[in-house]
Structure formats: C-alpha cells, structure tokens
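Data from model-v2.txt: compact mmCIF, C-alpha atoms and all ligand atoms
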# COMPACT_ATOMS: atom_id res chain seq x y z
CA MET K 392 0.00 0.00 0.00
CA ARG K 393 2.88 2.37 0.78
CA LYS K 394 4.12 2.14 -2.81
CA ARG K 395 0.66 2.54 -4.25
CA ILE K 396 -0.12 5.54 -1.99
CA ALA K 397 3.23 7.17 -2.84
CA GLU K 398 2.67 6.78 -6.58
CA SER K 399 -0.99 7.83 -6.63
CA THR K 400 -2.08 11.39 -7.36
CA GLN K 401 -4.59 11.03 -4.50
CA LYS K 402 -3.40 9.81 -1.06
CA ARG K 403 -6.78 9.08 0.56
CA VAL K 404 -7.54 5.38 1.15
CA ILE K 405 -11.12 4.16 0.74
CA LEU K 406 -12.10 1.53 3.31
CA ALA K 407 -15.09 -0.63 2.37
CA GLY K 408 -16.57 -1.66 5.72
CA ALA K 409 -15.78 -0.43 9.22
CA GLY K 410 -15.34 -3.70 11.03
CA LEU K 411 -12.39 -5.08 13.00
CA VAL K 412 -9.85 -5.27 10.19
CA ASN K 413 -10.65 -1.93 8.59
CA ALA K 414 -10.78 -0.23 12.01
CA GLU K 415 -7.16 -1.30 12.54
CA ILE K 416 -6.13 -0.42 8.99
CA GLY K 417 -7.78 3.01 9.25
CA ASP K 418 -6.09 3.67 12.59
CA ALA K 419 -2.67 2.72 11.18
CA LEU K 420 -3.14 4.89 8.07
CA VAL K 421 -4.26 7.93 10.08
CA LYS K 422 -1.18 7.52 12.30
CA LEU K 423 0.90 7.66 9.09
CA GLY K 424 -0.87 10.87 8.09
CA ILE K 425 -2.98 9.32 5.34
CA PRO K 426 -6.65 10.38 5.20
CA VAL K 427 -9.28 7.63 5.05
CA THR K 428 -12.91 7.35 3.99
CA TYR K 429 -15.04 4.54 5.36
CA VAL K 430 -17.85 3.42 3.07
CA ILE K 431 -20.30 1.36 5.12
CA SER K 432 -23.65 -0.15 4.21
CA SER K 433 -24.93 -0.03 7.80
CA ASP K 434 -25.80 3.14 9.69
CA ARG K 435 -23.01 2.89 12.29
CA ALA K 436 -19.35 1.96 12.75
CA LEU K 437 -18.38 -1.50 14.05
CA SER K 438 -22.03 -2.60 13.92
CA GLN K 439 -20.98 -6.27 13.82
CA ILE K 440 -19.40 -6.16 17.28
CA VAL K 441 -20.71 -3.20 19.32
CA ASP K 442 -24.12 -1.78 20.16
CA ARG K 443 -25.53 1.55 18.97
CA GLU K 444 -24.39 3.46 22.08
CA ALA K 445 -20.80 2.31 21.63
CA SER K 446 -20.89 3.14 17.91
CA VAL K 447 -21.79 6.74 18.78
CA ILE K 448 -18.77 6.97 21.11
CA ILE K 449 -16.45 5.34 18.56
CA GLU K 450 -17.61 7.67 15.77
CA LYS K 451 -16.82 10.65 18.02
CA LEU K 452 -13.20 9.43 18.06
CA PHE K 453 -13.03 10.26 14.34
CA ALA K 454 -13.65 13.96 15.04
CA GLY K 455 -10.46 15.95 14.63
CA LEU K 456 -8.86 13.12 12.63
CA ASP K 457 -8.79 12.88 8.86
CA VAL K 458 -11.49 10.20 8.91
CA GLU K 459 -14.65 10.44 6.83
CA LEU K 460 -17.55 8.04 7.45
CA LEU K 461 -20.15 7.51 4.72
CA LYS K 462 -23.10 5.48 6.01
CA GLY K 463 -25.73 3.54 4.05
CA GLU K 464 -23.39 3.41 1.05
CA ASP K 465 -21.91 0.72 -1.16
CA ILE K 466 -19.14 0.69 -3.71
CA GLN K 467 -20.51 0.00 -7.19
CA GLU K 468 -17.54 0.56 -9.46
CA ILE K 469 -13.81 1.20 -9.22
CA GLU K 470 -11.82 2.62 -12.13
CA GLU K 471 -8.26 3.88 -12.66
CA LYS K 472 -8.42 7.55 -13.57
CA ASP K 473 -5.73 10.24 -13.73
CA GLY K 474 -3.25 8.30 -11.61
CA ALA K 475 -5.75 7.43 -8.86
CA LEU K 476 -8.82 5.26 -8.31
CA GLU K 477 -12.25 6.65 -9.04
CA VAL K 478 -14.75 4.94 -6.74
CA LYS K 479 -18.44 5.19 -7.63
CA LEU K 480 -20.95 4.68 -4.82
CA ALA K 481 -24.55 3.45 -5.00
CA SER K 482 -25.83 6.96 -4.19
CA GLY K 483 -24.03 8.35 -7.23
CA LYS K 484 -21.33 9.99 -5.13
CA VAL K 485 -17.82 9.64 -6.58
CA LEU K 486 -14.69 9.33 -4.42
CA SER K 487 -11.07 9.48 -5.41
CA GLY K 488 -8.38 7.48 -3.62
CA SER K 489 -5.08 5.67 -3.90
CA CYS K 490 -6.32 2.24 -2.74
CA VAL K 491 -9.52 0.49 -1.71
CA VAL K 492 -9.44 -1.98 1.19
CA TYR K 493 -12.30 -4.44 1.60
CA GLY K 494 -12.90 -5.49 5.20
CA LYS K 495 -16.30 -7.08 5.03
CA GLY K 496 -16.00 -9.96 7.48
CA VAL K 497 -15.26 -13.65 7.09
CA ARG K 498 -17.07 -15.63 4.41
CA PRO K 499 -15.76 -19.19 3.97
CA ASN K 500 -15.38 -20.25 0.37
CA THR K 501 -17.23 -23.58 0.65
CA GLY K 502 -18.66 -23.76 -2.86
CA PHE K 503 -16.43 -26.67 -3.85
CA LEU K 504 -18.03 -28.79 -1.08
CA LYS K 505 -21.57 -28.48 -2.45
CA GLY K 506 -22.98 -31.86 -3.40
CA THR K 507 -20.35 -33.78 -1.43
CA GLY K 508 -22.62 -34.51 1.56
CA VAL K 509 -20.61 -32.21 3.84
CA GLN K 510 -23.19 -30.13 5.74
CA LEU K 511 -22.79 -26.42 5.03
CA ASN K 512 -24.29 -23.33 6.56
CA LYS K 513 -22.23 -20.10 6.58
CA GLY K 514 -19.26 -22.43 6.97
CA VAL K 515 -18.65 -26.17 7.26
CA VAL K 516 -20.83 -27.46 10.11
CA LEU K 517 -18.92 -29.64 12.59
CA GLY K 518 -20.06 -31.97 15.35
CA ARG K 519 -18.72 -32.30 18.88
CA TYR K 520 -15.68 -34.26 17.66
CA LEU K 521 -14.90 -31.73 14.92
CA GLU K 522 -16.04 -34.16 12.27
CA THR K 523 -18.14 -33.01 9.33
CA SER K 524 -21.36 -34.79 8.37
CA VAL K 525 -19.16 -37.06 6.23
CA PRO K 526 -17.30 -39.55 8.46
CA GLY K 527 -13.53 -39.24 8.25
CA ILE K 528 -13.56 -35.58 7.16
CA TYR K 529 -12.65 -33.15 9.95
CA GLY K 530 -12.35 -29.39 10.14
CA ALA K 531 -10.99 -26.46 12.15
CA GLY K 532 -10.53 -22.71 11.84
CA ASP K 533 -12.18 -19.88 9.98
CA ALA K 534 -13.99 -22.16 7.55
CA VAL K 535 -16.01 -24.03 10.17
CA GLU K 536 -19.00 -23.58 12.46
CA THR K 537 -18.91 -25.09 15.94
CA ASP K 538 -20.96 -24.71 19.13
CA ASP K 539 -21.15 -21.28 20.72
CA ILE K 540 -21.49 -21.66 24.48
CA LEU K 541 -23.62 -18.52 24.87
CA LEU K 542 -25.64 -18.48 21.68
CA GLY K 543 -26.44 -22.19 21.88
CA GLU K 544 -25.98 -22.62 18.15
CA LYS K 545 -23.29 -23.41 15.60
CA THR K 546 -21.28 -20.26 14.98
CA LEU K 547 -18.39 -19.12 12.82
CA HIS K 548 -15.96 -17.79 15.43
CA ALA K 549 -13.10 -16.79 13.10
CA LEU K 550 -10.58 -16.30 15.91
CA TRP K 551 -7.00 -17.51 16.08
CA PRO K 552 -7.07 -19.22 19.53
CA VAL K 553 -10.34 -20.92 18.60
CA ALA K 554 -8.76 -22.25 15.39
CA VAL K 555 -5.76 -23.57 17.34
CA GLU K 556 -7.90 -25.43 19.89
CA GLN K 557 -10.15 -26.84 17.18
CA ALA K 558 -7.12 -28.02 15.19
CA ASN K 559 -5.64 -29.63 18.29
CA ASN K 560 -8.87 -31.51 19.07
CA ALA K 561 -9.54 -32.43 15.45
CA ALA K 562 -6.06 -33.94 15.17
CA GLY K 563 -6.58 -35.87 18.41
CA ASN K 564 -9.91 -37.21 17.17
CA MET K 565 -8.39 -38.24 13.84
CA LEU K 566 -5.88 -40.25 15.87
CA GLY K 567 -8.73 -41.93 17.79
CA MET K 568 -8.16 -40.05 21.06
CA GLU K 569 -11.81 -38.96 21.54
CA MET K 570 -11.31 -35.27 22.29
CA PRO K 571 -14.73 -33.58 22.40
CA TYR K 572 -14.72 -29.88 21.66
CA GLY K 573 -16.69 -27.84 24.19
CA GLY K 574 -17.35 -24.82 21.97
CA ASP K 575 -16.29 -21.24 22.53
CA VAL K 576 -17.54 -17.67 22.72
CA LEU K 577 -17.20 -14.66 20.44
CA ARG K 578 -14.87 -11.92 21.66
CA ASN K 579 -12.73 -9.15 20.23
CA ILE K 580 -10.22 -6.68 21.52
CA LEU K 581 -8.72 -3.87 19.50
CA MET K 582 -6.92 -0.63 20.18
CA VAL K 583 -7.87 1.99 17.64
CA PHE K 584 -8.16 5.78 17.44
CA GLY K 585 -6.81 6.13 20.97
CA GLN K 586 -9.28 3.76 22.66
CA THR K 587 -9.49 0.10 23.59
CA ILE K 588 -12.61 -1.66 22.35
CA PHE K 589 -13.30 -4.95 24.07
CA THR K 590 -16.43 -7.01 23.37
CA GLY K 591 -17.67 -10.52 23.99
CA GLY K 592 -20.74 -12.71 23.66
CA ILE K 593 -23.94 -10.80 22.93
CA SER K 594 -22.55 -7.34 22.19
CA THR K 595 -24.52 -5.74 19.35
CA HIS K 596 -27.91 -5.49 21.04
CA ASP K 597 -29.62 -5.66 24.44
CA GLU K 598 -31.33 -8.64 26.01
CA GLY K 599 -31.71 -9.99 29.54
CA ASP K 600 -30.61 -7.64 32.34
CA VAL K 601 -28.54 -4.79 30.96
CA TYR K 602 -26.16 -2.73 33.11
CA ARG K 603 -24.54 0.32 31.56
CA ASN K 604 -22.04 2.97 32.58
CA VAL K 605 -21.14 5.98 30.43
CA SER K 606 -18.62 8.57 31.55
CA ASP K 607 -16.06 10.87 29.90
CA GLY K 608 -16.23 9.24 26.49
CA GLU K 609 -15.87 5.77 27.99
CA TYR K 610 -18.57 3.11 27.91
CA SER K 611 -19.21 -0.17 29.71
CA LYS K 612 -22.14 -2.50 29.32
CA ILE K 613 -22.71 -5.99 30.59
CA ILE K 614 -25.57 -8.33 29.75
CA VAL K 615 -26.60 -10.75 32.47
CA LYS K 616 -29.18 -13.52 32.31
CA ASP K 617 -30.00 -15.82 35.22
CA GLY K 618 -26.99 -14.38 37.04
CA LYS K 619 -24.59 -15.35 34.22
CA LEU K 620 -22.58 -13.02 32.00
CA ARG K 621 -23.97 -13.26 28.46
CA GLY K 622 -22.12 -10.40 26.84
CA PHE K 623 -20.27 -7.13 27.29
CA VAL K 624 -18.96 -4.03 25.54
CA PHE K 625 -16.16 -1.83 26.86
CA VAL K 626 -14.90 1.29 25.10
CA GLY K 627 -12.02 2.85 27.00
CA GLU K 628 -9.83 1.51 29.73
CA GLY K 629 -12.80 -0.12 31.51
CA ALA K 630 -11.76 -3.77 31.70
CA VAL K 631 -8.30 -4.26 33.14
CA ASN K 632 -8.47 -8.07 33.11
CA PRO K 633 -9.89 -9.17 29.73
CA GLY K 634 -9.10 -12.85 30.40
CA VAL K 635 -11.46 -12.86 33.38
CA TYR K 636 -14.39 -11.92 31.14
CA LEU K 637 -13.64 -14.80 28.83
CA ARG K 638 -13.43 -17.15 31.81
CA MET K 639 -16.75 -15.91 33.26
CA MET K 640 -18.54 -16.45 29.96
CA ARG K 641 -16.98 -19.81 29.18
CA ASP K 642 -17.62 -21.17 32.69
CA GLN K 643 -20.99 -19.41 32.98
CA THR K 644 -19.95 -18.25 36.45
CA ASP K 645 -22.70 -16.89 38.70
CA ILE K 646 -21.83 -13.18 38.86
CA SER K 647 -25.02 -11.96 40.54
CA SER K 648 -23.06 -10.81 43.61
CA MET K 649 -20.35 -9.16 41.47
CA ILE K 650 -22.31 -6.94 39.07
CA ASN K 651 -20.49 -3.74 40.05
CA PRO K 652 -16.89 -4.95 39.66
CA VAL K 653 -17.83 -6.74 36.42
CA LEU K 654 -19.45 -3.58 35.02
CA HIS K 655 -16.62 -1.31 36.14
CA GLY K 656 -13.89 -3.65 34.94
CA THR K 657 -12.28 -4.18 38.33
CA ILE K 658 -13.08 -7.90 38.56
CA ALA K 659 -10.03 -10.19 38.91
CA HIS K 660 -9.45 -13.95 38.80
CA ALA K 661 -9.11 -13.89 42.60
CA ASP K 662 -12.75 -12.72 42.85
CA LEU K 663 -13.93 -15.73 40.85
CA TYR K 664 -11.99 -18.35 42.80
CA PRO K 665 -11.46 -16.84 46.28
CA SER K 666 -10.94 -20.20 48.01
CA VAL K 667 -8.23 -21.25 45.53
CA PHE K 668 -6.39 -17.96 45.99
CA LYS K 669 -6.66 -18.25 49.79
CA VAL K 670 -5.03 -21.71 49.72
CA ALA K 671 -2.34 -20.51 47.28
CA LEU K 672 -1.46 -17.60 49.55
C1 LIG N 701 -6.14 -8.69 9.39
C2 LIG N 701 -6.54 -9.78 10.35
C3 LIG N 701 -6.36 -9.58 11.71
C4 LIG N 701 -6.71 -10.59 12.61
N1 LIG N 701 -6.51 -10.38 13.96
C5 LIG N 701 -6.84 -11.34 14.82
C6 LIG N 701 -6.61 -11.17 16.22
O1 LIG N 701 -6.14 -10.12 16.66
N2 LIG N 701 -6.95 -12.18 17.07
C7 LIG N 701 -7.49 -13.34 16.62
O2 LIG N 701 -7.78 -14.23 17.43
N3 LIG N 701 -7.71 -13.54 15.30
C8 LIG N 701 -7.40 -12.58 14.39
N4 LIG N 701 -7.62 -12.78 13.05
C9 LIG N 701 -8.24 -14.06 12.64
C10 LIG N 701 -7.20 -15.17 12.57
O3 LIG N 701 -6.14 -14.76 11.72
C11 LIG N 701 -7.87 -16.42 12.00
O4 LIG N 701 -8.95 -16.77 12.86
C12 LIG N 701 -6.94 -17.60 11.89
O5 LIG N 701 -5.82 -17.28 11.10
C13 LIG N 701 -7.69 -18.80 11.30
O6 LIG N 701 -6.81 -19.83 10.99
P1 LIG N 701 -7.11 -20.81 9.78
O7 LIG N 701 -6.00 -21.79 9.78
O8 LIG N 701 -8.51 -21.29 9.85
O9 LIG N 701 -7.08 -19.89 8.48
P2 LIG N 701 -5.82 -19.11 7.81
O10 LIG N 701 -4.87 -18.63 8.86
O11 LIG N 701 -6.46 -18.10 6.91
O12 LIG N 701 -5.12 -20.22 6.98
C14 LIG N 701 -5.72 -20.84 5.87
C15 LIG N 701 -4.61 -21.29 4.94
O13 LIG N 701 -5.19 -22.11 3.92
C16 LIG N 701 -4.67 -21.71 2.68
N5 LIG N 701 -5.66 -22.10 1.65
C17 LIG N 701 -6.80 -21.48 1.31
N6 LIG N 701 -7.44 -22.15 0.35
C18 LIG N 701 -6.71 -23.24 0.09
C19 LIG N 701 -6.86 -24.33 -0.81
N7 LIG N 701 -7.91 -24.43 -1.62
N8 LIG N 701 -5.90 -25.27 -0.81
C20 LIG N 701 -4.82 -25.19 0.02
N9 LIG N 701 -4.63 -24.18 0.90
C21 LIG N 701 -5.56 -23.22 0.92
C22 LIG N 701 -4.45 -20.22 2.81
O14 LIG N 701 -3.51 -19.76 1.87
C23 LIG N 701 -3.93 -20.13 4.24
O15 LIG N 701 -2.54 -20.31 4.32
C24 LIG N 701 -7.28 -11.80 12.13
C25 LIG N 701 -7.46 -11.98 10.77
C26 LIG N 701 -7.10 -10.98 9.89
C27 LIG N 701 -7.32 -11.23 8.40
Take the structure in the file and give it back as structure tokens.
Amino acid sequence: MRKRIAESTQKRVILAGAGLVNAEIGDALVKLGIPVTYVISSDRALSQIVDREASVIIEKLFAGLDVELLKGEDIQEIEEKDGALEVKLASGKVLSGSCVVYGKGVRPNTGFLKGTGVQLNKGVVLGRYLETSVPGIYGAGDAVETDDILLGEKTLHALWPVAVEQANNAAGNMLGMEMPYGGDVLRNILMVFGQTIFTGGISTHDEGDVYRNVSDGEYSKIIVKDGKLRGFVFVGEGAVNPGVYLRMMRDQTDISSMINPVLHGTIAHADLYPSVFKVAL
C-alpha cells in the first residue's frame, strides 16, 4: 500500500466496511498521516461487534482526525483515472483514492463442497468431535461452524485461539483419542483511534438484564441472564483483566453478587476463585 499511496495522485484510502480489520487499517493509516474514507452499508461503525451506544462513542473518536464516514453506502464501481482510483458509490457519489481496502467480514469459500454430503451453513458445520457430516472428514478454523457456548448454536468464530484449539482436538480425534470440543464464545479486543474496544458474547444489542455505565467518552455495558454473564462491551480503559471476562462467559460463572466490579472492569481472577487464591497464599 505504501508504494501505491506514494505513486498515486490522490493519497486518501477508501475503506469498504468499518469492522475489525478496517478499524485497525484506518487507525494505522491515520497515524501515518494518510486520510481515510469509510464506506459502510450499515448506519453505524463496528455494527458487527458493538451496540448503537458504543458506535456513537467510537464515531466521536473520528472527530479531529482525517477520517470520513459515509453510512448507508456501497461501492458499485472502481476505475483507474488520472493516476488514482475513481470509486463510484450506490448513491451516485464519486470518491477518489489511492487504494480500496475491503474489510467485510469472514465468508468461507465452501462452494467446492456443495454436493459432497458435507453439511454447510455459513461455513462447514462440525459436530462435537470436529467431524463433518461425512465420516472421516474433519475441520478447524475460519472455515467451520462449531458450538457457541452462549448463543447455543453453531457459529463461525473466526478467531486464532479458537482455530488452534479446534485443530488440536480435530487432530486428536483423527488419531482416535476422543477429544470432544466444548465450543467457545465470540470476543474481540482492538486498540484503535486512541481507545481500547473490548467485546464478547452478545454485544450488538440488548437482552436480559442490561447494566450500563457511560462517563467521559468511555462506555461499559454488561448483559446478564439468570446471574450469568452473556455479553459485554467496553470502550475505553474499563476492563483491566480481559481474560477474566472470557473465563466468566466460558464457565458461565454466577456473577449476581459481582455486578459492580464486572461492570466497572475491576473484577479479577481472585474474585472468581477466592478459596483457591486463599489456599495458594
Ligand atoms: C487482518 C486480520 C487480523 C486478525 N486479527 C486477529 C486477532 O487479533 N486475534 C485473533 O484471534 N484472530 C485474528 N484474526 C483471525 C485469525 O487470523 C484467524 O482466525 C486464523 O488465522 C484462522 O486460521 P485458519 O488456519 O482457519 O485460516 P488461515 O490462517 O487463513 O489459513 C488458511 C490457509 O489455507 C490456505 N488455503 C486457502 N485455500 C486453500 C486451498 N484451496 N488449498 C490449500 N490451501 C488453501 C491459505 O492460503 C492459508 O494459508 C485476524 C485476521 C485478519 C485477516
């Protein structure tokens, strides 16, 4: 991209989608002094991982930076023109830029498996032993759907540690070791435009009991159902121990007596397992 930007008559980079990948790319480009324009089909930034309230806060981070956000738009055509790219949008608006970066989420290319008997949904659907619907064919990683502990359905997690664990278990099962895979939860952490955005589980909408805290451009929200953490969104330095949130969701820990520290990000592993820490000390 550096070469392309240097050689182009227009420096601006057009980012199709404002999800995880393009948020990081946009942040990096702005730090290098390159203006960016996000072209998004939805009506808010990071709509795939945060709720509306968090999107408002994140969009405010763009103020004062060379970041333009065009909502409800789609790229229709891209053409080389006068040493730059001419990008035509669905609304008829025309942008000019050096590069276009597509960051539109993960879509497994499973077409070649159609008609083979391998069950497909958004990805390749796997059972508890990471086997497809065709005996002897196993899967792992971004191309597969496995159980989500919170959502209670097969989900495409598209996360590196999830892929590693799935691969480990799939290999064990292929060797006859019987290694059931317990599923996982969705989560993301990214540091962009001067803030940390940390989400997990149900994070794009409200359901169950919702606890929120908004102060000084920072935002925390946790979703609790039957005393268990079902999801969260933090924008800012709210959660100091991200691993604890993953643990609480995976173990479905009863947090009904810990709502405040969970919401304010002060919860620690020692709070979850006080007796273990007492013995260790
Ligand atoms: C920009 C970016 C940032 C990310 N950041 C994070 C992060 O911070 N944390 C996190 O947990 N995850 C992150 N991820 C996701 C993470 O990279 C993936 O979840 C992980 O790499 C999945 O592993 P995989 O082996 O399933 O797929 P990949 O790592 O994509 O590997 C698939 C391999 O298969 C090869 N291949 C494809 N088709 C064929 C074919 N037909 N025949 C043979 N080989 C083929 C590809 O070339 C590739 O080498 C990020 C992803 C991207 C793109």
Shell of 7 Å around ligand LIG 701 (chain N) (all atoms listed in the file), written as a PyMOL selection string: chain K and resi 412+531-534+549-552+554
Box for range 587-602 of chain K: with edges along x, y and z, all listed atoms inside and 8 Å added on each side, what are the centre and edge lengths in Å to one decimal, as AutoDock Vina command-line options?
--center_x -20.6 --center_y -6.3 --center_z 26.2 --size_x 38.2 --size_y 28.8 --size_z 29.8
Find the residues near range 456-468 of chain K: any atom within 6 Å, counting all atoms listed in the file, skip ones fewer than 2 places away on the same chain, and give them as a PDB file with C-alpha atoms, in the coordinates of the input.
ATOM      1  CA  PRO K 426      -6.650  10.380   5.200  1.00  0.00           C
ATOM      2  CA  VAL K 427      -9.280   7.630   5.050  1.00  0.00           C
ATOM      3  CA  THR K 428     -12.910   7.350   3.990  1.00  0.00           C
ATOM      4  CA  TYR K 429     -15.040   4.540   5.360  1.00  0.00           C
ATOM      5  CA  VAL K 430     -17.850   3.420   3.070  1.00  0.00           C
ATOM      6  CA  ILE K 431     -20.300   1.360   5.120  1.00  0.00           C
ATOM      7  CA  SER K 432     -23.650  -0.150   4.210  1.00  0.00           C
ATOM      8  CA  SER K 433     -24.930  -0.030   7.800  1.00  0.00           C
ATOM      9  CA  ASP K 434     -25.800   3.140   9.690  1.00  0.00           C
ATOM     10  CA  PHE K 453     -13.030  10.260  14.340  1.00  0.00           C
ATOM     11  CA  ALA K 454     -13.650  13.960  15.040  1.00  0.00           C
ATOM     12  CA  VAL K 478     -14.750   4.940  -6.740  1.00  0.00           C
ATOM     13  CA  LYS K 479     -18.440   5.190  -7.630  1.00  0.00           C
ATOM     14  CA  LEU K 480     -20.950   4.680  -4.820  1.00  0.00           C
ATOM     15  CA  ALA K 481     -24.550   3.450  -5.000  1.00  0.00           C
TER      16      ALA K 481
END
At what distance in Å, to one decimal, does CA of Ile588 in chain K lie from CA of Val626 in chain K?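 Value for the CA of Val626 in chain K-CA of Ile588 in chain K distance: 4.6 Å.
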Distance of CA of Val441 in chain K from CA of Met639 in chain K, expressed in Å to one decimal place: 19.3 Å
List every residue of range 587-614 of chain K that has an atom at most 12 Å from any atom of range 560-583 of chain K, giving for each one its closest atom pair and the distance in Å to one decimal, counting only C-alpha atoms, sorted by chain and then by ascending residue number, as CSV.
residue,atom,partner,partner_atom,distance
K:Thr587,CA,K:Met582,CA,4.3
K:Ile588,CA,K:Leu581,CA,5.3
K:Phe589,CA,K:Ile580,CA,4.4
K:Thr590,CA,K:Asn579,CA,5.3
K:Gly591,CA,K:Arg578,CA,3.9
K:Gly592,CA,K:Leu577,CA,5.2
K:Ile593,CA,K:Leu577,CA,8.2
K:Ser594,CA,K:Arg578,CA,9.0
K:Thr595,CA,K:Leu577,CA,11.6
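Closest approach to His596 in chain K among K:Leu423, K:Ile396, K:Ala661, K:Ala445: K:Ala445, based on only C-alpha atoms.
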For range 494-505 of chain K: contacts at 8 Å, all atoms listed in the file, fewer than 4 positions along chain excluded, given as JSON, numbers by chain: {"K": [406, 407, 408, 409, 410, 411, 412, 413, 509, 511, 513, 514, 515, 533, 534, 535, 549]}
Find the distance between CA of Asp538 in chain K and CA of Val653 in chain K and write it in Å to one decimal.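 A separation of 25.1 Å between them.
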Ranking K:Gln557, K:Ser399, K:Phe584, K:Tyr520 by minimum distance to Ala419 in chain K and counting all atoms listed in the file, which one comes first? K:Phe584
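Shortest atom-to-atom contact with Ala475 in chain K among K:Gln439, K:Asn512, K:Thr523, K:Gln401: K:Gln401, counting only C-alpha atoms.
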Residue among K:Gly608, K:Gly455, K:Gly530, K:Gly622 lying closest to Leu517 in chain K, counting only C-alpha atoms: K:Gly530
Counting all atoms listed in the file, the option among K:Pro526, K:Gly618, K:Gly474, K:Gly543 closest to Asp645 in chain K: K:Gly618
From K:Gly585, K:Leu541, K:Leu521, K:Pro652, residue lying nearest Glu415 in chain K [only C-alpha atoms]: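 Smallest separation from Glu415 in chain K among the options: K:Gly585.
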Quick one: residues within 9 Å of Lys616 in chain K, only C-alpha atoms counted, chain neighbours fewer than 4 positions away excluded, as a VMD selection string? chain K and resid 598 to 601 620 to 621
